[in-house]
Each structure stands twice: as C-alpha cells, then as structure tokens.
>>> print(open('query.cif').read())   # mmCIF, C-alpha atoms
data_run
#
loop_
_atom_site.label_atom_id
_atom_site.label_comp_id
_atom_site.auth_asym_id
_atom_site.auth_seq_id
_atom_site.Cartn_x
_atom_site.Cartn_y
_atom_site.Cartn_z
CA MET A 1 0.09 -4.97 12.93
CA ARG A 2 -2.69 -2.93 14.45
CA ILE A 3 -3.31 0.72 15.25
CA GLU A 4 -4.33 1.72 18.77
CA ARG A 5 -5.75 5.18 19.30
CA THR A 6 -4.61 6.88 22.50
CA ARG A 7 -5.49 10.06 24.36
CA ARG A 8 -2.32 11.72 23.05
CA GLY A 9 -2.31 10.25 19.53
CA ALA A 10 -1.85 6.68 18.29
CA ARG A 11 0.53 3.75 18.36
CA ILE A 12 1.44 1.01 15.92
CA VAL A 13 1.58 -2.38 17.64
CA ASP A 14 2.77 -5.76 16.38
CA ASP A 15 2.22 -8.76 18.66
CA ASP A 16 2.06 -6.44 21.68
CA VAL A 17 5.37 -4.78 20.70
CA VAL A 18 4.99 -1.02 20.19
CA LEU A 19 6.65 -0.26 16.86
CA SER A 20 5.85 3.43 16.93
CA GLU A 21 4.27 5.94 19.33
CA ILE A 22 2.82 8.92 17.48
CA LEU A 23 1.88 12.08 19.38
CA ARG A 24 -0.23 15.05 18.29
CA GLU A 25 2.44 17.44 19.50
CA PRO A 26 6.06 17.37 20.71
CA GLY A 27 6.49 15.53 23.99
CA ALA A 28 7.71 12.45 25.80
CA THR A 29 6.45 8.99 24.87
CA HIS A 30 8.24 7.46 27.90
CA THR A 31 9.57 4.74 25.56
CA LEU A 32 12.83 3.96 23.79
CA PHE A 33 11.82 6.53 21.15
CA ASP A 34 12.57 9.21 23.75
CA VAL A 35 16.12 7.88 24.07
CA LEU A 36 16.60 7.85 20.29
CA GLY A 37 15.35 11.42 20.04
CA ALA A 38 17.46 12.53 23.00
CA ALA A 39 20.58 10.95 21.49
CA VAL A 40 20.07 12.83 18.23
CA ALA A 41 19.30 16.11 19.96
CA THR A 42 22.34 15.72 22.23
CA PHE A 43 24.98 14.58 19.73
CA ALA A 44 23.92 15.61 16.21
CA PRO A 45 26.40 18.37 15.29
CA GLY A 46 24.23 20.08 12.66
CA PRO A 47 20.82 20.35 11.00
CA ARG A 48 21.09 17.73 8.26
CA LEU A 49 19.29 14.65 9.58
CA ALA A 50 18.43 11.41 7.75
CA VAL A 51 16.32 8.55 9.11
CA LEU A 52 16.43 5.04 7.61
CA GLY A 53 13.25 3.21 8.56
CA PHE A 54 10.63 5.81 9.48
CA ALA A 55 7.67 3.52 10.29
CA GLY A 56 5.28 5.84 12.13
CA GLY A 57 7.87 8.40 13.16
CA GLY A 58 7.90 7.52 16.84
CA MET A 59 11.15 9.40 17.41
CA VAL A 60 9.88 12.71 16.03
CA ALA A 61 7.75 13.98 18.93
CA PRO A 62 10.50 13.49 21.55
CA LEU A 63 13.13 14.83 19.14
CA ARG A 64 11.16 18.06 18.77
CA ALA A 65 10.46 18.18 22.50
CA ALA A 66 14.23 17.97 23.04
CA GLY A 67 14.64 21.15 21.00
CA CYS A 68 15.86 19.70 17.69
CA SER A 69 14.13 21.48 14.80
CA ALA A 70 16.22 19.93 12.00
CA ALA A 71 14.46 19.02 8.79
CA ILE A 72 14.14 15.24 8.54
CA ALA A 73 14.78 13.35 5.31
CA ALA A 74 13.60 9.76 5.74
CA VAL A 75 12.98 6.59 3.78
CA ASP A 76 10.82 3.53 4.36
CA LEU A 77 9.61 0.64 2.22
CA ASP A 78 6.06 0.97 3.56
CA LEU A 79 4.38 4.36 3.86
CA ALA A 80 1.32 3.15 5.79
CA GLY A 81 2.85 4.40 9.03
CA VAL A 82 3.66 7.73 7.41
CA GLU A 83 0.01 8.24 6.53
CA LEU A 84 -0.92 7.69 10.18
CA PHE A 85 1.88 10.03 11.26
CA ARG A 86 0.53 12.79 8.98
CA GLU A 87 -3.00 12.24 10.21
CA VAL A 88 -2.09 12.39 13.89
CA SER A 89 0.75 14.92 13.95
CA GLY A 90 -0.19 17.24 11.11
CA ASP A 91 2.13 20.24 10.84
CA ALA A 92 2.90 20.40 14.56
CA ILE A 93 5.96 18.18 14.22
CA GLY A 94 7.89 20.35 11.75
CA ASP A 95 9.62 19.61 8.46
CA VAL A 96 9.50 15.86 7.76
CA ASN A 97 9.87 14.37 4.27
CA VAL A 98 9.58 10.61 3.79
CA ALA A 99 10.39 8.81 0.55
CA GLN A 100 9.23 5.30 -0.27
CA GLY A 101 12.09 2.99 -1.10
CA ASP A 102 14.93 0.74 -0.04
CA ALA A 103 17.26 2.34 2.53
CA VAL A 104 20.45 1.11 0.84
CA LEU A 105 19.43 2.33 -2.63
CA TRP A 106 18.13 5.62 -1.22
CA LEU A 107 21.35 6.35 0.62
CA ARG A 108 23.50 5.34 -2.34
CA SER A 109 21.57 7.65 -4.67
CA SER A 110 21.61 10.59 -2.27
CA ARG A 111 23.91 13.45 -3.20
CA ARG A 112 23.69 14.94 0.28
CA HIS A 113 25.87 14.40 3.30
CA TYR A 114 24.30 14.40 6.73
CA ASP A 115 25.30 15.52 10.21
CA CYS A 116 23.40 12.59 11.69
CA ILE A 117 21.95 9.40 10.22
CA VAL A 118 19.52 7.38 12.32
CA GLU A 119 19.24 3.72 11.32
CA ASP A 120 15.97 2.28 12.65
CA LEU A 121 15.40 -0.66 10.30
CA SER A 122 13.67 -3.84 11.44
CA MET A 123 11.89 -6.85 10.02
CA PRO A 124 9.52 -9.52 11.37
CA SER A 125 10.76 -13.05 11.99
CA PRO A 126 9.56 -16.17 13.83
CA ALA A 127 11.74 -14.98 16.72
CA GLY A 128 10.08 -11.56 16.77
CA THR A 129 11.22 -8.22 15.40
CA VAL A 130 14.89 -8.32 14.37
CA LYS A 131 17.46 -6.32 12.40
CA PRO A 132 17.71 -7.00 8.66
CA TYR A 133 21.07 -8.29 7.41
CA VAL A 134 21.66 -5.11 5.38
CA SER A 135 22.08 -3.34 8.71
CA LEU A 136 25.38 -5.21 9.13
CA ASP A 137 26.45 -5.02 5.48
CA PRO A 138 26.52 -2.78 3.48
CA LEU A 139 24.87 -0.06 5.58
CA PRO A 140 27.61 0.71 8.17
CA ALA A 141 30.19 1.68 5.55
CA LEU A 142 27.57 3.46 3.43
CA ILE A 143 26.33 5.48 6.40
CA LYS A 144 29.89 6.51 7.19
CA GLN A 145 30.36 7.70 3.60
CA ARG A 146 27.25 9.86 3.83
CA LEU A 147 28.20 11.59 7.09
CA VAL A 148 29.93 14.96 7.18
CA ARG A 149 33.21 15.20 9.08
CA GLY A 150 32.31 14.87 12.74
CA GLY A 151 28.92 13.35 11.89
CA VAL A 152 27.19 10.81 14.10
CA ALA A 153 25.42 7.52 13.28
CA ILE A 154 22.72 6.40 15.72
CA THR A 155 21.26 2.90 15.43
CA ASN A 156 18.29 1.28 17.13
CA VAL A 157 19.86 -2.14 17.61
CA LEU A 158 17.80 -5.33 17.74
CA PRO A 159 18.91 -8.98 17.74
CA LEU A 160 19.72 -10.82 14.54
CA PRO A 161 19.22 -14.61 14.56
CA GLY A 162 22.48 -16.53 14.70
CA THR A 163 24.56 -13.44 15.51
CA SER A 164 25.77 -12.46 18.99
CA TRP A 165 25.17 -9.02 20.46
CA SER A 166 28.90 -8.34 20.54
CA SER A 167 29.23 -9.19 16.85
CA ILE A 168 26.22 -7.07 15.88
CA LEU A 169 27.51 -4.02 17.76
CA ALA A 170 31.06 -4.43 16.47
CA ARG A 171 29.92 -4.66 12.85
CA LEU A 172 27.66 -1.63 13.22
CA ALA A 173 30.50 0.43 14.72
CA ILE A 174 33.41 -0.82 12.60
CA ALA A 175 33.63 2.25 10.35
CA HIS A 176 33.89 4.72 13.24
CA GLU A 177 36.64 5.73 15.63
CA LYS A 178 34.44 5.49 18.72
CA ALA A 179 31.09 4.08 19.74
CA LEU A 180 28.85 4.23 22.79
CA VAL A 181 26.11 1.77 23.69
CA VAL A 182 22.99 2.89 25.53
CA ILE A 183 21.41 0.10 27.58
CA LEU A 184 17.70 0.47 28.35
CA ASP A 185 16.32 -1.12 31.52
CA GLU A 186 12.92 -1.82 29.99
CA TYR A 187 13.88 -2.93 26.48
CA GLU A 188 15.90 -5.59 24.74
CA ASN A 189 16.94 -2.92 22.20
CA ARG A 190 20.25 -1.14 22.52
CA ILE A 191 21.09 2.20 20.99
CA LEU A 192 24.47 2.58 19.36
CA ILE A 193 25.98 6.06 18.98
CA ALA A 194 29.00 5.98 16.66
CA GLY A 195 31.31 8.74 15.46
CA ASP A 196 34.88 9.93 15.36
CA ALA A 197 34.63 12.42 18.22
CA LEU A 198 32.36 11.33 21.07
CA PRO A 199 32.59 12.07 24.80
CA SER A 200 33.26 9.50 27.49
CA ALA A 201 30.47 7.12 28.47
CA ALA A 202 30.02 8.97 31.77
CA ALA A 203 29.73 12.35 30.06
CA ALA A 204 27.37 10.93 27.43
CA SER A 205 25.17 9.40 30.10
CA ARG A 206 24.89 12.73 31.93
CA ALA A 207 24.10 14.57 28.70
CA ILE A 208 21.44 12.14 27.49
CA ARG A 209 19.82 12.00 30.93
CA ALA A 210 19.75 15.82 31.08
CA THR A 211 18.09 15.97 27.66
CA LEU A 212 15.51 13.36 28.69
CA ARG A 213 14.77 15.16 31.94
CA GLY A 214 14.42 18.39 29.99
CA PHE A 215 11.27 17.14 28.27
CA GLY A 216 10.03 15.01 31.16
CA SER A 217 10.79 11.49 29.94
CA TYR A 218 10.70 8.68 32.49
CA GLN A 219 13.54 7.04 30.53
CA ALA A 220 15.99 9.51 32.12
CA GLU A 221 16.32 7.18 35.10
CA LYS A 222 16.24 3.94 33.11
CA ILE A 223 19.36 4.00 30.93
CA SER A 224 23.06 3.39 31.24
CA VAL A 225 25.87 4.08 28.77
CA ARG A 226 29.10 2.22 28.13
CA THR A 227 31.95 2.56 25.67
CA LEU A 228 32.17 -0.02 22.91
CA SER A 229 35.69 -1.00 21.97
CA ASN A 230 35.85 -1.90 18.29
CA SER A 231 38.85 -4.09 18.94
CA SER A 232 37.24 -6.17 21.64
CA ALA A 233 33.52 -6.11 20.83
#
>>> encode(input="query.cif", output="structure tokens")
Amino acid sequence: MRIERTRRGARIVDDDVVLSEILREPGATHTLFDVLGAAVATFAPGPRLAVLGFAGGGMVAPLRAAGCSAAIAAVDLDLAGVELFREVSGDAIGDVNVAQGDAVLWLRSSRRHYDCIVEDLSMPSPAGTVKPYVSLDPLPALIKQRLVRGGVAITNVLPLPGTSWSSILARLAIAHEKALVVILDEYENRILIAGDALPSAAAASRAIRATLRGFGSYQAEKISVRTLSNSSA
C-alpha cells in the first residue's frame, strides 16, 4: 500500500485500487465512498453508528457532507490508516472513535446496540481485494443482533473467491426481512442495504441520488438500485 497526497487531502492506494479517500473537510470524493456515506445518511434511523473496517475513513467526509453528524464507533485490525485520517482530517470531521481489534470480537463484546452498522471489511488476495470469510459467517447474524429495532446494515460488498455474487449477497442479507443492492457503474463493488423496513428500490434510488446530489457527488448519476429477494438470491 502507498499514500498519495492530494490537493484536498490524501488517499490510500493498493495496486492502483483506492482503498480510502481522506479529505481535510466534509465533501464529495466522487467515489464509491460517497455512495456508502449517502446510504447511511439516507437510511440510518438514529445516531448510533458503528463501522467495521475503518481503514482510512474514506466514508466519513461524504457522510458529514450529507448532513449526518452521528458519533462513529469503529474498529480495525490496523490503525495505520487511522493515523493518516487524524493527520489529514483533524477535528473537522466530527466525533470518530476507532478501536484496534477484530471486528467479530469487538461486536460480540459490545454492550451497545446501533441504529446502523456499516461493514466495510476486506483483505488482499492473489485475485485482488476481496471480502473475508467472516463477512459471510458469523457477521451477518451478529450484526443483526446488535441492531436496534428498525436498524439498518450497510455492507461494501466485494467478491469472494469460489463464491458467486448471488450467494454472497444472499448470505449477507439472510438475517433481514428486506435488502436492496446498489450497483455502481464505475466499480465492481456493490453496496447492500439490509433491514426490516426499507422502501422500494425505486424510492431508495431517488433518495440516495438526492442525497448524493445534495453534496455534489458525481456518483448521483452512476448508480442503480434493485431489490434483493432472499428466497431467490
């Protein structure tokens, strides 16, 4: 991995893949991090927000630009990206607390319940950056247990070798009544929004696009949303 300094802040890059875009102040990165932040700002029903896999906090600047001021409780195995985040963003990004540790153990030991949990875990592999197997088991059920009634789980979904997209999405969504999948024109990643009370795909698409347009993200015109059926995924 390498750090690239930019006019607006810095980015963490691995083999030309941008793992995190860190800004000095709230704003659009014009990347998938905008869509993650917009999804949280649009659908998180309350202020208790947890993030599994913080890296360099690429979602934070667009999240704040979208008007979400919730305190963030996060966990990551490696805090090197957090140090860069603190250096670049300082106090301009609001209340962000990151613990070092394993996401599964951290969530199991937490006594809190959250309105929204963002799962943004990844790991390197010969095939590129992929999801770790814990994202499929035991995290989906554990995330559900740690959500308040009406809470929302949002996952940055990557491939997993030997597992189809349909299987990955189904296993991530299995604990929830409904799930929506955000398709990004410019990225292989998909963003899964899962909960027990979500709007239609059309309504969700309009809402996310409106949030993205609200803080000037180019991604507003580069996404589509569909409903994921747990029974057929």
>>> closest_residue(input="query.cif", among="A:Gly101, A:Gly46, A:Gly94, A:Gly81", to="A:Val13", atoms="all atoms listed in the file")
A:Gly81
>>> closest_residue(input="query.cif", among="A:Trp165, A:Pro132, A:Asp95, A:Ala39", to="A:Ile191", atoms="only C-alpha atoms")
A:Ala39
>>> resolve_selection(input="query.cif", expression="the PyMOL selection byres ((chain A and resi 150-154) around 10)", output="count of residues only")
44
>>> closest_residue(input="query.cif", among="A:Glu83, A:Asp15, A:Glu4, A:Asp76", to="A:Leu107", atoms="only C-alpha atoms")
A:Asp76
>>> atom_distance(input="query.cif", atom1="atom CA of A:Ala71", atom2="atom CA of A:Ala201")
28.0 Å
>>> residues_around(input="query.cif", residues="A:Gly162", least_positions_apart="2", cutoff="12 Å", atoms="all atoms listed in the file", output="VMD selection string")
chain A and resid 127 130 to 131 133 159 to 160 164 to 168
>>> atom_distance(input="query.cif", atom1="atom CA of A:Asp14", atom2="atom CA of A:Val134")
21.9 Å
>>> resolve_selection(input="query.cif", expression="the PyMOL selection byres ((chain A and resi 33) around 8)", output="number ranges by chain")
A: 20-21, 29-32, 34-37, 58-59, 62
>>> residues_around(input="query.cif", residues="A:Ile12", least_positions_apart="3", cutoff="9 Å", atoms="all atoms listed in the file", output="VMD selection string")
chain A and resid 1 to 5 17 to 22 55 to 56 81
>>> atom_distance(input="query.cif", atom1="atom CA of A:Arg8", atom2="atom CA of A:Glu87")
12.9 Å
>>> closest_residue(input="query.cif", among="A:Leu52, A:Cys68, A:Leu139, A:Leu121", to="A:Ala38", atoms="all atoms listed in the file")
A:Cys68
>>> closest_residue(input="query.cif", among="A:Leu142, A:Ala207, A:Ala10, A:Val182", to="A:Lys222", atoms="only C-alpha atoms")
A:Val182
>>> closest_residue(input="query.cif", among="A:Leu84, A:Val104, A:Ala141, A:Ala61", to="A:Ile174", atoms="all atoms listed in the file")
A:Ala141
>>> resolve_selection(input="query.cif", expression="the PyMOL selection byres ((chain A and resi 185) around 7)", output="PyMOL selection string")
chain A and resi 183-184+186-187+222-223
